[in-house]
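S.K.: The following file, final_11.txt, comprises compact mmCIF, C-alpha atoms:
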```txt
# COMPACT_ATOMS: atom_id res chain seq x y z
CA MET O 1 -32.53 184.60 -31.83
CA VAL O 2 -29.69 182.88 -33.70
CA THR O 3 -26.98 185.29 -34.72
CA ASN O 4 -23.24 185.40 -35.35
CA VAL O 5 -22.75 188.83 -33.81
CA GLY O 6 -20.07 188.64 -31.11
CA LEU O 7 -20.00 184.83 -31.08
CA SER O 8 -16.23 184.58 -31.33
CA GLU O 9 -15.87 186.87 -28.31
CA LYS O 10 -17.95 184.44 -26.25
CA ILE O 11 -15.59 181.55 -26.88
CA PRO O 12 -13.37 181.19 -23.78
CA ALA O 13 -9.79 182.27 -24.35
CA TYR O 14 -8.42 178.79 -23.64
CA VAL O 15 -10.71 177.27 -26.29
CA ARG O 16 -9.63 179.90 -28.81
CA GLU O 17 -6.04 179.05 -27.95
CA ILE O 18 -6.65 175.34 -28.60
CA ILE O 19 -8.31 176.05 -31.94
CA GLY O 20 -5.63 178.60 -32.84
CA ARG O 21 -2.76 176.27 -32.07
CA LEU O 22 -4.33 173.50 -34.16
CA ASN O 23 -4.89 175.96 -37.02
CA ALA O 24 -1.27 177.12 -36.78
CA GLY O 25 -0.22 173.49 -37.05
CA GLY O 26 -2.06 173.27 -40.37
CA PHE O 27 -5.26 171.60 -39.16
CA PRO O 28 -8.82 172.94 -39.39
CA ALA O 29 -10.45 172.97 -35.96
CA TYR O 30 -13.87 173.96 -34.66
CA ALA O 31 -15.92 174.13 -31.51
CA VAL O 32 -18.63 171.55 -32.02
CA GLY O 33 -21.84 170.09 -30.62
CA GLY O 34 -23.63 171.20 -27.49
CA CYS O 35 -21.35 174.15 -26.78
CA VAL O 36 -22.22 175.70 -30.16
CA ARG O 37 -25.91 175.00 -29.63
CA ASP O 38 -25.89 176.63 -26.21
CA LEU O 39 -23.91 179.63 -27.41
CA LEU O 40 -26.43 180.25 -30.17
CA LEU O 41 -29.25 179.99 -27.64
CA GLY O 42 -27.60 182.52 -25.34
CA ARG O 43 -26.85 179.86 -22.73
CA VAL O 44 -23.52 179.28 -20.98
CA PRO O 45 -22.04 175.99 -22.25
CA ARG O 46 -21.36 173.34 -19.58
CA ASP O 47 -18.20 172.26 -21.37
CA TRP O 48 -16.41 172.68 -24.68
CA ASP O 49 -15.65 170.13 -27.39
CA VAL O 50 -13.37 170.68 -30.36
CA THR O 51 -13.25 168.69 -33.59
CA THR O 52 -10.24 168.81 -35.87
CA ALA O 53 -8.51 167.23 -38.83
CA ALA O 54 -5.43 166.67 -36.64
CA PRO O 55 -4.72 163.03 -35.70
CA GLY O 56 -4.59 162.30 -32.00
CA GLN O 57 -0.82 161.95 -32.05
CA ARG O 58 -0.42 165.42 -33.53
CA VAL O 59 -2.79 166.85 -30.93
CA ARG O 60 -0.63 165.37 -28.19
CA GLU O 61 2.49 166.83 -29.82
CA LEU O 62 0.98 170.33 -30.09
CA PHE O 63 0.04 170.62 -26.41
CA GLU O 64 2.11 170.14 -23.29
CA LYS O 65 -0.54 168.47 -21.16
CA THR O 66 -3.05 165.99 -22.61
CA VAL O 67 -4.97 162.95 -21.46
CA PRO O 68 -5.99 160.21 -23.96
CA THR O 69 -9.55 160.00 -22.64
CA GLY O 70 -10.88 158.25 -25.73
CA ALA O 71 -7.86 157.28 -27.77
CA ARG O 72 -9.77 154.47 -29.49
CA PHE O 73 -12.24 157.03 -30.82
CA GLY O 74 -9.72 159.76 -31.56
CA THR O 75 -10.41 161.84 -28.45
CA VAL O 76 -7.74 163.63 -26.44
CA THR O 77 -8.44 166.00 -23.54
CA VAL O 78 -6.26 169.07 -23.82
CA ILE O 79 -5.54 170.74 -20.50
CA LEU O 80 -4.49 174.37 -20.27
CA PRO O 81 -4.14 176.46 -17.09
CA GLU O 82 -7.47 178.20 -17.75
CA GLY O 83 -9.49 175.10 -18.61
CA SER O 84 -9.75 171.92 -20.65
CA ALA O 85 -11.57 170.69 -23.74
CA GLU O 86 -12.01 167.35 -25.45
CA VAL O 87 -10.42 167.38 -28.90
CA THR O 88 -11.60 164.70 -31.34
CA THR O 89 -10.30 163.91 -34.81
CA PHE O 90 -12.84 164.11 -37.66
CA ARG O 91 -14.27 160.62 -38.01
CA GLN O 92 -16.97 158.36 -39.36
CA ASP O 93 -18.30 155.61 -37.13
CA GLY O 94 -18.31 151.97 -38.15
CA PRO O 95 -21.09 149.51 -37.27
CA TYR O 96 -22.51 149.58 -33.74
CA ARG O 97 -22.65 146.10 -32.20
CA ASP O 98 -23.86 146.88 -28.66
CA HIS O 99 -26.16 149.87 -29.29
CA ARG O 100 -23.68 152.08 -27.48
CA ARG O 101 -20.25 152.34 -29.13
CA PRO O 102 -19.05 151.83 -32.69
CA GLN O 103 -16.93 148.76 -33.32
CA SER O 104 -14.48 150.89 -35.26
CA VAL O 105 -13.97 154.44 -36.47
CA GLU O 106 -12.55 155.82 -39.69
CA TYR O 107 -10.70 159.11 -39.53
CA VAL O 108 -11.67 161.48 -42.33
CA SER O 109 -10.63 164.90 -43.59
CA SER O 110 -14.15 166.24 -44.02
CA LEU O 111 -15.97 168.19 -41.30
CA SER O 112 -19.34 167.43 -42.89
CA HIS O 113 -18.71 163.67 -42.60
CA ASP O 114 -17.90 164.14 -38.91
CA LEU O 115 -21.08 166.15 -38.29
CA ALA O 116 -23.17 163.53 -40.10
CA ARG O 117 -22.50 160.95 -37.35
CA ARG O 118 -24.00 163.09 -34.58
CA ASP O 119 -27.34 162.62 -32.84
CA PHE O 120 -29.53 165.73 -33.30
CA THR O 121 -29.32 168.55 -35.81
CA VAL O 122 -28.91 171.14 -33.05
CA ASN O 123 -25.81 169.22 -31.92
CA ALA O 124 -24.42 168.86 -35.44
CA MET O 125 -23.08 172.38 -35.88
CA ALA O 126 -19.48 173.56 -35.76
CA MET O 127 -18.01 177.01 -35.23
CA ASP O 128 -14.57 178.32 -36.08
CA ALA O 129 -12.61 180.82 -34.00
CA ALA O 130 -14.12 183.72 -35.98
CA GLY O 131 -17.65 182.67 -35.05
CA GLN O 132 -18.60 181.29 -38.46
CA ILE O 133 -21.06 178.41 -38.28
CA THR O 134 -21.01 175.22 -40.35
CA ASP O 135 -24.53 173.78 -40.32
CA PRO O 136 -25.15 171.13 -43.00
CA PHE O 137 -28.31 169.63 -41.43
CA GLY O 138 -30.44 172.63 -40.54
CA GLY O 139 -29.61 172.85 -36.86
CA ARG O 140 -30.02 176.63 -36.73
CA ALA O 141 -33.48 176.41 -38.25
CA ASP O 142 -34.40 173.77 -35.66
CA LEU O 143 -33.11 176.06 -32.92
CA GLU O 144 -35.46 178.74 -34.21
CA ARG O 145 -38.34 176.27 -34.21
CA ARG O 146 -37.29 174.90 -30.79
CA LEU O 147 -37.29 171.42 -32.26
CA LEU O 148 -35.20 168.31 -31.62
CA ARG O 149 -34.72 166.31 -34.81
CA CYS O 150 -32.31 163.47 -35.54
CA VAL O 151 -29.56 163.80 -38.10
CA GLY O 152 -30.68 161.47 -40.87
CA ASP O 153 -32.80 158.42 -40.07
CA PRO O 154 -33.93 158.44 -36.40
CA ALA O 155 -34.19 154.64 -36.22
CA ARG O 156 -30.58 154.33 -37.32
CA ARG O 157 -29.38 156.96 -34.86
CA PHE O 158 -31.11 155.27 -31.92
CA SER O 159 -30.12 151.76 -33.01
CA GLU O 160 -26.50 152.94 -33.04
CA ASP O 161 -26.64 154.38 -29.54
CA ALA O 162 -29.66 153.73 -27.32
CA LEU O 163 -28.57 156.44 -24.88
CA ARG O 164 -29.56 159.03 -27.51
CA MET O 165 -33.23 158.34 -26.76
CA LEU O 166 -32.82 159.31 -23.11
CA ARG O 167 -30.64 162.24 -24.14
CA GLY O 168 -33.39 163.45 -26.46
CA LEU O 169 -35.92 163.55 -23.62
CA ARG O 170 -33.38 165.20 -21.34
CA LEU O 171 -32.58 167.91 -23.90
CA SER O 172 -36.29 168.45 -24.48
CA ALA O 173 -36.66 169.09 -20.74
CA GLU O 174 -33.59 171.31 -20.42
CA LEU O 175 -34.25 173.43 -23.52
CA ASP O 176 -38.08 173.28 -23.60
CA PHE O 177 -37.90 171.90 -27.16
CA ALA O 178 -40.50 169.74 -28.85
CA ILE O 179 -39.37 166.44 -30.35
CA GLU O 180 -39.97 166.09 -34.09
CA LYS O 181 -42.67 163.51 -34.86
CA ASN O 182 -40.49 160.98 -36.69
CA THR O 183 -37.83 161.24 -34.00
CA LEU O 184 -40.44 160.72 -31.28
CA ALA O 185 -41.99 157.78 -33.13
CA ALA O 186 -38.58 156.11 -33.31
CA ILE O 187 -38.06 156.60 -29.56
CA ARG O 188 -41.37 154.90 -28.84
CA GLU O 189 -40.60 152.06 -31.23
CA LEU O 190 -37.03 151.39 -30.10
CA ALA O 191 -37.30 152.14 -26.37
CA SER O 192 -36.60 148.52 -25.45
CA GLY O 193 -33.03 149.03 -26.69
CA VAL O 194 -32.16 150.82 -23.43
CA HIS O 195 -31.68 147.45 -21.71
CA VAL O 196 -28.06 147.46 -22.90
CA LEU O 197 -27.24 150.70 -21.07
CA SER O 198 -25.45 150.85 -17.75
CA GLY O 199 -27.29 152.15 -14.70
CA GLU O 200 -24.76 154.97 -14.40
CA ARG O 201 -25.56 156.25 -17.91
CA VAL O 202 -29.30 156.12 -17.34
CA ARG O 203 -28.97 157.77 -13.93
CA GLU O 204 -27.01 160.70 -15.40
CA GLU O 205 -29.65 161.45 -18.04
CA LEU O 206 -32.48 160.95 -15.56
CA PHE O 207 -30.84 163.16 -12.94
CA ARG O 208 -30.25 165.98 -15.39
CA THR O 209 -33.86 165.64 -16.52
CA VAL O 210 -35.36 165.93 -13.04
CA CYS O 211 -33.05 168.86 -12.29
CA SER O 212 -34.22 170.70 -15.41
CA PRO O 213 -36.97 173.35 -15.50
CA ARG O 214 -39.35 170.55 -16.62
CA PRO O 215 -38.64 167.58 -14.32
CA GLN O 216 -42.02 166.06 -15.18
CA THR O 217 -40.39 164.92 -18.42
CA ALA O 218 -39.22 161.94 -16.36
CA GLY O 219 -42.82 160.76 -16.61
CA ARG O 220 -42.50 160.63 -20.38
CA MET O 221 -39.42 158.45 -19.99
CA VAL O 222 -41.57 156.05 -17.98
CA GLU O 223 -44.46 156.30 -20.45
CA TYR O 224 -42.25 155.52 -23.44
CA GLY O 225 -40.58 152.57 -21.71
CA LEU O 226 -37.13 154.13 -21.44
CA LEU O 227 -36.90 153.15 -17.74
CA SER O 228 -38.56 149.75 -18.05
CA PRO O 229 -35.41 147.74 -17.18
CA TYR O 230 -35.51 149.32 -13.71
CA LEU O 231 -39.25 149.16 -13.02
CA THR O 232 -41.39 146.26 -11.85
CA GLY O 233 -44.87 147.75 -12.21
CA PRO O 234 -47.18 148.58 -15.08
CA GLY O 235 -45.90 152.10 -15.60
CA ALA O 236 -48.85 153.88 -14.03
CA SER O 237 -49.02 157.65 -14.16
CA ALA O 238 -47.74 159.68 -11.22
CA PRO O 239 -47.91 163.37 -10.24
CA TRP O 240 -44.48 164.11 -11.67
CA GLU O 241 -45.02 167.87 -11.37
CA ARG O 242 -44.36 167.51 -7.63
CA LEU O 243 -40.68 167.24 -8.49
CA THR O 244 -40.63 170.97 -9.31
CA ALA O 245 -41.03 171.85 -5.62
CA VAL O 246 -38.06 169.91 -4.24
CA PRO O 247 -34.35 170.88 -4.35
CA ASP O 248 -31.96 169.06 -6.66
CA GLY O 249 -30.41 167.10 -3.79
CA LEU O 250 -33.74 165.38 -3.10
CA LYS O 251 -35.03 164.94 -6.64
CA MET O 252 -33.82 161.39 -7.24
CA PRO O 253 -35.12 160.04 -3.88
CA VAL O 254 -38.44 161.85 -4.38
CA LEU O 255 -38.67 160.47 -7.92
CA ALA O 256 -38.11 156.97 -6.58
CA VAL O 257 -40.82 157.41 -3.92
CA LEU O 258 -43.23 158.73 -6.58
CA MET O 259 -42.58 155.59 -8.61
CA ALA O 260 -43.10 153.38 -5.57
CA LEU O 261 -46.39 155.09 -4.73
CA ALA O 262 -47.51 154.63 -8.34
CA GLY O 263 -46.70 150.92 -8.19
CA GLU O 264 -43.86 151.15 -10.68
CA THR O 265 -41.28 149.74 -8.26
CA ARG O 266 -41.59 147.65 -5.12
CA ASP O 267 -38.94 149.56 -3.20
CA ALA O 268 -37.78 153.12 -3.81
CA GLY O 269 -34.33 152.44 -2.41
CA GLU O 270 -33.80 149.36 -4.54
CA LEU O 271 -34.69 151.37 -7.63
CA LEU O 272 -31.97 153.91 -6.86
CA ARG O 273 -29.47 151.15 -6.13
CA SER O 274 -30.17 149.63 -9.55
CA LEU O 275 -29.52 153.05 -11.07
CA ARG O 276 -26.18 153.21 -9.22
CA CYS O 277 -27.21 156.19 -7.11
CA THR O 278 -25.36 156.82 -3.85
CA ALA O 279 -25.98 154.65 -0.82
CA ARG O 280 -27.23 157.75 1.02
CA GLU O 281 -29.84 158.45 -1.67
CA ALA O 282 -31.01 154.83 -1.71
CA LYS O 283 -31.29 154.68 2.09
CA LEU O 284 -33.20 157.97 2.13
CA ALA O 285 -35.59 156.77 -0.57
CA SER O 286 -36.33 153.55 1.31
CA ALA O 287 -37.04 155.39 4.56
CA ALA O 288 -39.14 158.06 2.84
CA GLY O 289 -41.07 155.44 0.90
CA ALA O 290 -42.03 153.69 4.13
CA LEU O 291 -43.03 156.98 5.79
CA ALA O 292 -45.07 158.19 2.79
CA GLY O 293 -47.61 155.43 3.36
CA GLU O 294 -48.61 156.86 6.74
CA LEU O 295 -47.93 160.61 6.43
CA SER O 296 -50.62 163.22 5.79
CA CYS O 297 -50.51 166.93 5.02
CA ARG O 298 -51.93 167.90 8.43
CA GLU O 299 -49.50 170.15 10.26
CA GLU O 300 -49.76 168.02 13.39
CA ASP O 301 -48.83 164.87 11.45
CA ILE O 302 -45.85 166.55 9.79
CA ARG O 303 -44.58 167.81 13.15
CA LEU O 304 -44.98 164.34 14.63
CA ALA O 305 -43.07 162.86 11.71
CA LEU O 306 -40.30 165.40 12.24
CA SER O 307 -40.11 164.34 15.88
CA CYS O 308 -39.68 160.66 14.96
CA HIS O 309 -37.66 160.76 11.72
CA ASP O 310 -34.71 162.71 10.41
CA ILE O 311 -35.58 165.86 8.52
CA PRO O 312 -34.48 164.68 5.01
CA THR O 313 -36.74 161.63 5.30
CA VAL O 314 -39.76 163.76 6.17
CA LEU O 315 -38.97 166.29 3.44
CA CYS O 316 -38.53 163.54 0.86
CA ALA O 317 -41.80 161.83 1.76
CA SER O 318 -43.61 165.17 1.88
CA GLY O 319 -42.21 166.10 -1.53
CA ALA O 320 -43.55 162.90 -3.06
CA LEU O 321 -46.93 163.50 -1.42
CA GLY O 322 -47.14 167.08 -2.65
CA PHE O 323 -46.61 169.21 0.45
CA TYR O 324 -42.86 169.78 0.50
CA ALA O 325 -43.20 173.52 1.19
CA ALA O 326 -45.28 172.93 4.31
CA ALA O 327 -42.85 170.35 5.65
CA GLN O 328 -39.88 172.58 4.92
CA ARG O 329 -41.54 175.49 6.74
CA LEU O 330 -42.22 173.36 9.82
CA ALA O 331 -38.71 171.92 9.76
CA ARG O 332 -37.27 175.45 9.70
CA GLN O 333 -39.52 176.58 12.55
CA GLY O 334 -38.21 173.72 14.66
CA ARG O 335 -41.46 173.36 16.59
CA PHE O 336 -40.92 169.64 17.09
CA VAL O 337 -38.86 167.59 19.49
CA THR O 338 -36.89 164.47 18.66
CA PRO O 339 -35.79 161.91 21.28
CA ARG O 340 -32.31 163.45 21.14
CA ASP O 341 -33.79 166.84 22.13
CA LEU O 342 -35.48 165.58 25.31
CA ALA O 343 -34.42 166.78 28.74
CA ILE O 344 -34.02 163.13 29.80
CA SER O 345 -32.06 160.35 28.17
CA GLY O 346 -32.00 156.59 27.82
CA ASP O 347 -29.91 156.38 31.00
CA ASP O 348 -32.76 157.96 32.97
CA LEU O 349 -35.17 155.35 31.62
CA ARG O 350 -32.76 152.53 32.45
CA ALA O 351 -32.69 153.85 35.99
CA LEU O 352 -36.48 153.43 36.01
CA GLY O 353 -36.09 149.78 35.03
CA LEU O 354 -36.54 149.84 31.25
CA VAL O 355 -34.25 147.77 29.00
CA GLY O 356 -33.67 147.18 25.30
CA PRO O 357 -35.97 148.50 22.55
CA GLU O 358 -38.52 149.68 25.12
CA ILE O 359 -36.22 152.60 25.89
CA GLY O 360 -36.31 153.89 22.32
CA ARG O 361 -40.07 153.43 22.07
CA LEU O 362 -40.70 155.36 25.29
CA LEU O 363 -38.35 158.17 24.24
CA ALA O 364 -40.28 158.43 20.96
CA SER O 365 -43.57 158.61 22.89
CA LEU O 366 -42.21 161.36 25.14
CA ALA O 367 -40.97 163.32 22.13
CA ARG O 368 -44.43 163.01 20.59
CA CYS O 369 -46.07 164.37 23.77
CA VAL O 370 -43.72 167.36 23.86
CA THR O 371 -44.21 168.06 20.15
CA LEU O 372 -48.00 168.06 20.59
CA GLY O 373 -47.78 170.36 23.60
CA GLU O 374 -49.01 167.69 26.02
CA ALA O 375 -45.88 167.94 28.15
CA GLU O 376 -43.08 170.40 28.82
CA ASN O 377 -39.55 169.48 27.86
CA ARG O 378 -38.27 169.64 31.42
CA ARG O 379 -36.74 166.82 33.42
CA GLU O 380 -39.17 167.48 36.28
CA ALA O 381 -42.12 167.01 33.91
CA LEU O 382 -40.81 164.15 31.80
CA LEU O 383 -39.76 161.72 34.52
CA PRO O 384 -43.29 161.51 36.06
CA LEU O 385 -44.77 161.21 32.57
CA ALA O 386 -42.34 158.39 31.77
CA ARG O 387 -43.41 156.51 34.94
CA GLN O 388 -47.07 156.99 33.96
CA LEU O 389 -46.53 155.72 30.42
CA MET O 390 -44.63 152.72 31.79
CA SER O 391 -47.48 151.85 34.14
CA ASP O 392 -50.00 152.17 31.31
CA ARG O 393 -48.20 149.58 29.18
```
Could you show the structure in this file as structure tokens?
M.R.:
Amino acid sequence: MVTNVGLSEKIPAYVREIIGRLNAGGFPAYAVGGCVRDLLLGRVPRDWDVTTAAPGQRVRELFEKTVPTGARFGTVTVILPEGSAEVTTFRQDGPYRDHRRPQSVEYVSSLSHDLARRDFTVNAMAMDAAGQITDPFGGRADLERRLLRCVGDPARRFSEDALRMLRGLRLSAELDFAIEKNTLAAIRELASGVHVLSGERVREELFRTVCSPRPQTAGRMVEYGLLSPYLTGPGASAPWERLTAVPDGLKMPVLAVLMALAGETRDAGELLRSLRCTAREAKLASAAGALAGELSCREEDIRLALSCHDIPTVLCASGALGFYAAAQRLARQGRFVTPRDLAISGDDLRALGLVGPEIGRLLASLARCVTLGEAENRREALLPLARQLMSDR
């Protein structure tokens, strides 16, 4: 599986240009980290990182357009017409005070020292422009074994940066890798350290996990306590596999509803707000969480729900309850009528003497009758039915 054949040809031209220009300036430079891992696995890297002996100032002098995205940590983003890459000077990290960032960094001339500070062995490999791999910690062997293992002592790695624990679970889900036993034991032991992380950081790892081929890995995050700062319940199990059936755009709201149904959070929308998800996602999760308590998988009930609620709310609730495909099919068929689809409007009901919220309630009742086939969606049929329903109240 892991081979050097043709690797250099798979490096994008703009990345080869960055490495080449640094080399021409007298500085060793390598593609490093996740891009090397993905290239060796035959995957297309999401982005490219370069590590080099060149100080940040020299990097800025060698390229016309740069952005000091992490100047404190020796990182400069180099922008070329074809693409961009983060370029970081070889470094060793000083002590970590907040379990997230080192207090200081020391720039070094040794690539091996730079690789030693990284999280997992499969992310601690570097590749030069010719495709030659530097792998001091056995990352290629772990790729072959489909294993995630920390560089050095796992407890130290996770104490330095608590986000690495979530990243480990996310990579396990994305790559279908097992987590080495000592690494997993350290995650379980140190999970409480995630309380220092921002909601945005946690959300990003969680979102990428639920959008992976194995979204049920989110359940392991709950089990290990990696989401405890955001949950109010006992961490009960949930049917996480239901996430596989829903599209990426609904995965976070469906996840939140699953957690609410399992008693892990009081309100699905509030959970997403604490994770700094969008207001739209939080509102959808709240509405779907309320609907999930009364929705069943019966086709008639789904059609009725579609007549009374917007389609995303019904799809989200149905996804959490395990019948997303059925709800999606009925939504596409369109065999339901919402109050907006009726042949009469609120003005017609006002003319009959209704006022205030009663108008909306009667329109919902009429939509339900049409959806169930109890009335035709014609003005001549709906007005007498409206009068009858008014007299029955």
S.K.: One decimal, Å: what's the distance from atom CA of Ala53 of chain O over to atom CA of Glu160 of chain O, could you say?
M.R.: 23.7 Å
S.K.: Find the axis-aligned box for segment 288-301 of chain O, covering all its listed atoms and adding 6 Å on each side, and write its centre and edge lengths in Å to one decimal as AutoDock Vina command-line options.
M.R.:
```
--center_x -45.5 --center_y 161.9 --center_z 7.1 --size_x 24.8 --size_y 28.5 --size_z 24.5
```
S.K.: So which one's closest to Thr69 of chain O, O:Glu264, O:Glu144, O:Glu86, O:Glu180? Using all atoms listed in the file, please.
M.R.: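 Going through O:Glu264, O:Glu144, O:Glu86, O:Glu180 one by one, the smallest distance to Thr69 of chain O is for O:Glu86.
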S.K.: Using all atoms listed in the file, can you tell me which of O:Pro215, O:Arg140, O:Asp176, O:Met259 comes closest to Pro247 of chain O?
M.R.: O:Pro215
S.K.: Please tell me which residues are no farther than 10 Å from (-10.2, 166.3, -27.1) in the file, counting only C-alpha atoms, and write them as a list in words.
M.R.: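 Checked against the point, the hits come out as Ile18, Trp48, Asp49, Val50, Thr51, Thr52, Gly56, Val59, Arg60, Thr66, Val67, Pro68, Thr69, Gly70, Ala71, Gly74, Thr75, Val76, Thr77, Val78, Ile79, Ser84, Ala85, Glu86, Val87, Thr88 and Thr89 of chain O.
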S.K.: Select, counting only C-alpha atoms, all protein, DNA and RNA residues no farther than 12 Å from (-12.7, 181.9, -26.5) in file coordinates, and express the selection as a PDB file with C-alpha atoms, in the frame of the given file.
M.R.:
```pdb
ATOM      1  CA  GLY O   6     -20.070 188.640 -31.110  1.00  0.00           C
ATOM      2  CA  LEU O   7     -20.000 184.830 -31.080  1.00  0.00           C
ATOM      3  CA  SER O   8     -16.230 184.580 -31.330  1.00  0.00           C
ATOM      4  CA  GLU O   9     -15.870 186.870 -28.310  1.00  0.00           C
ATOM      5  CA  LYS O  10     -17.950 184.440 -26.250  1.00  0.00           C
ATOM      6  CA  ILE O  11     -15.590 181.550 -26.880  1.00  0.00           C
ATOM      7  CA  PRO O  12     -13.370 181.190 -23.780  1.00  0.00           C
ATOM      8  CA  ALA O  13      -9.790 182.270 -24.350  1.00  0.00           C
ATOM      9  CA  TYR O  14      -8.420 178.790 -23.640  1.00  0.00           C
ATOM     10  CA  VAL O  15     -10.710 177.270 -26.290  1.00  0.00           C
ATOM     11  CA  ARG O  16      -9.630 179.900 -28.810  1.00  0.00           C
ATOM     12  CA  GLU O  17      -6.040 179.050 -27.950  1.00  0.00           C
ATOM     13  CA  ILE O  18      -6.650 175.340 -28.600  1.00  0.00           C
ATOM     14  CA  ILE O  19      -8.310 176.050 -31.940  1.00  0.00           C
ATOM     15  CA  GLY O  20      -5.630 178.600 -32.840  1.00  0.00           C
ATOM     16  CA  TYR O  30     -13.870 173.960 -34.660  1.00  0.00           C
ATOM     17  CA  ALA O  31     -15.920 174.130 -31.510  1.00  0.00           C
ATOM     18  CA  CYS O  35     -21.350 174.150 -26.780  1.00  0.00           C
ATOM     19  CA  VAL O  36     -22.220 175.700 -30.160  1.00  0.00           C
ATOM     20  CA  LEU O  39     -23.910 179.630 -27.410  1.00  0.00           C
ATOM     21  CA  PRO O  45     -22.040 175.990 -22.250  1.00  0.00           C
ATOM     22  CA  TRP O  48     -16.410 172.680 -24.680  1.00  0.00           C
ATOM     23  CA  VAL O  50     -13.370 170.680 -30.360  1.00  0.00           C
ATOM     24  CA  GLU O  82      -7.470 178.200 -17.750  1.00  0.00           C
ATOM     25  CA  GLY O  83      -9.490 175.100 -18.610  1.00  0.00           C
ATOM     26  CA  SER O  84      -9.750 171.920 -20.650  1.00  0.00           C
ATOM     27  CA  ALA O  85     -11.570 170.690 -23.740  1.00  0.00           C
ATOM     28  CA  MET O 127     -18.010 177.010 -35.230  1.00  0.00           C
ATOM     29  CA  ASP O 128     -14.570 178.320 -36.080  1.00  0.00           C
ATOM     30  CA  ALA O 129     -12.610 180.820 -34.000  1.00  0.00           C
ATOM     31  CA  ALA O 130     -14.120 183.720 -35.980  1.00  0.00           C
ATOM     32  CA  GLY O 131     -17.650 182.670 -35.050  1.00  0.00           C
TER      33      GLY O 131
END
```
S.K.: What is the atom CA of Pro154 of chain O-atom CA of Glu204 of chain O distance in Å, reported with one decimal?
M.R.: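 According to the coordinates, atom CA of Pro154 of chain O and atom CA of Glu204 of chain O are separated by 22.2 Å.
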S.K.: O:Ala343, O:Leu169, O:Cys316, O:Met390: which is nearest Leu148 of chain O, counting all atoms listed in the file?
M.R.: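 Closest to Leu148 of chain O of all the choices is O:Leu169.
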S.K.: Please provide the set of residues having any atom within 10 Å of Asp341 of chain O, restricted to all atoms listed in the file, with same-chain residues fewer than 4 positions apart removed, written as a PyMOL selection string.
M.R.: chain O and resi 307+336-337+345+367+377
S.K.: Just the number, please: distance in Å from atom CA of Arg164 of chain O to atom CA of Asn123 of chain O, one decimal.
M.R.: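 It comes out at 11.7 Å.
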S.K.: Kindly indicate which residue among O:Thr371, O:Gly42, O:Glu106, O:Ala282 lies nearest to Phe73 of chain O, using only C-alpha atoms for the distances.
M.R.: O:Glu106
S.K.: Just the residues within 12 Å of His309 of chain O, please, counting all atoms listed in the file, with nothing from its chain fewer than 2 positions along; format it as JSON, numbers by chain.
M.R.: {"O": [284, 287, 288, 290, 291, 292, 295, 301, 302, 303, 304, 305, 306, 307, 311, 312, 313, 314, 315, 316, 317, 331, 336, 337, 338, 339, 340, 364, 367, 368]}
S.K.: Just the residues within 9 Å of Arg188 of chain O, please, counting all atoms listed in the file, with nothing from its chain fewer than 6 positions along; format it as a PDB file with C-alpha atoms, in the frame of the given file.
M.R.:
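File produced: around_28.pdb:
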```pdb
ATOM      1  CA  TYR O 224     -42.250 155.520 -23.440  1.00  0.00           C
ATOM      2  CA  GLY O 225     -40.580 152.570 -21.710  1.00  0.00           C
ATOM      3  CA  LEU O 226     -37.130 154.130 -21.440  1.00  0.00           C
TER       4      LEU O 226
END
```
S.K.: Measuring atom to atom with all atoms listed in the file, identify which of O:Leu231, O:Ala54, O:Leu250, O:Ala326 is nearest to Gly26 of chain O.
M.R.: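 Nearest candidate to Gly26 of chain O out of O:Leu231, O:Ala54, O:Leu250, O:Ala326: O:Ala54.
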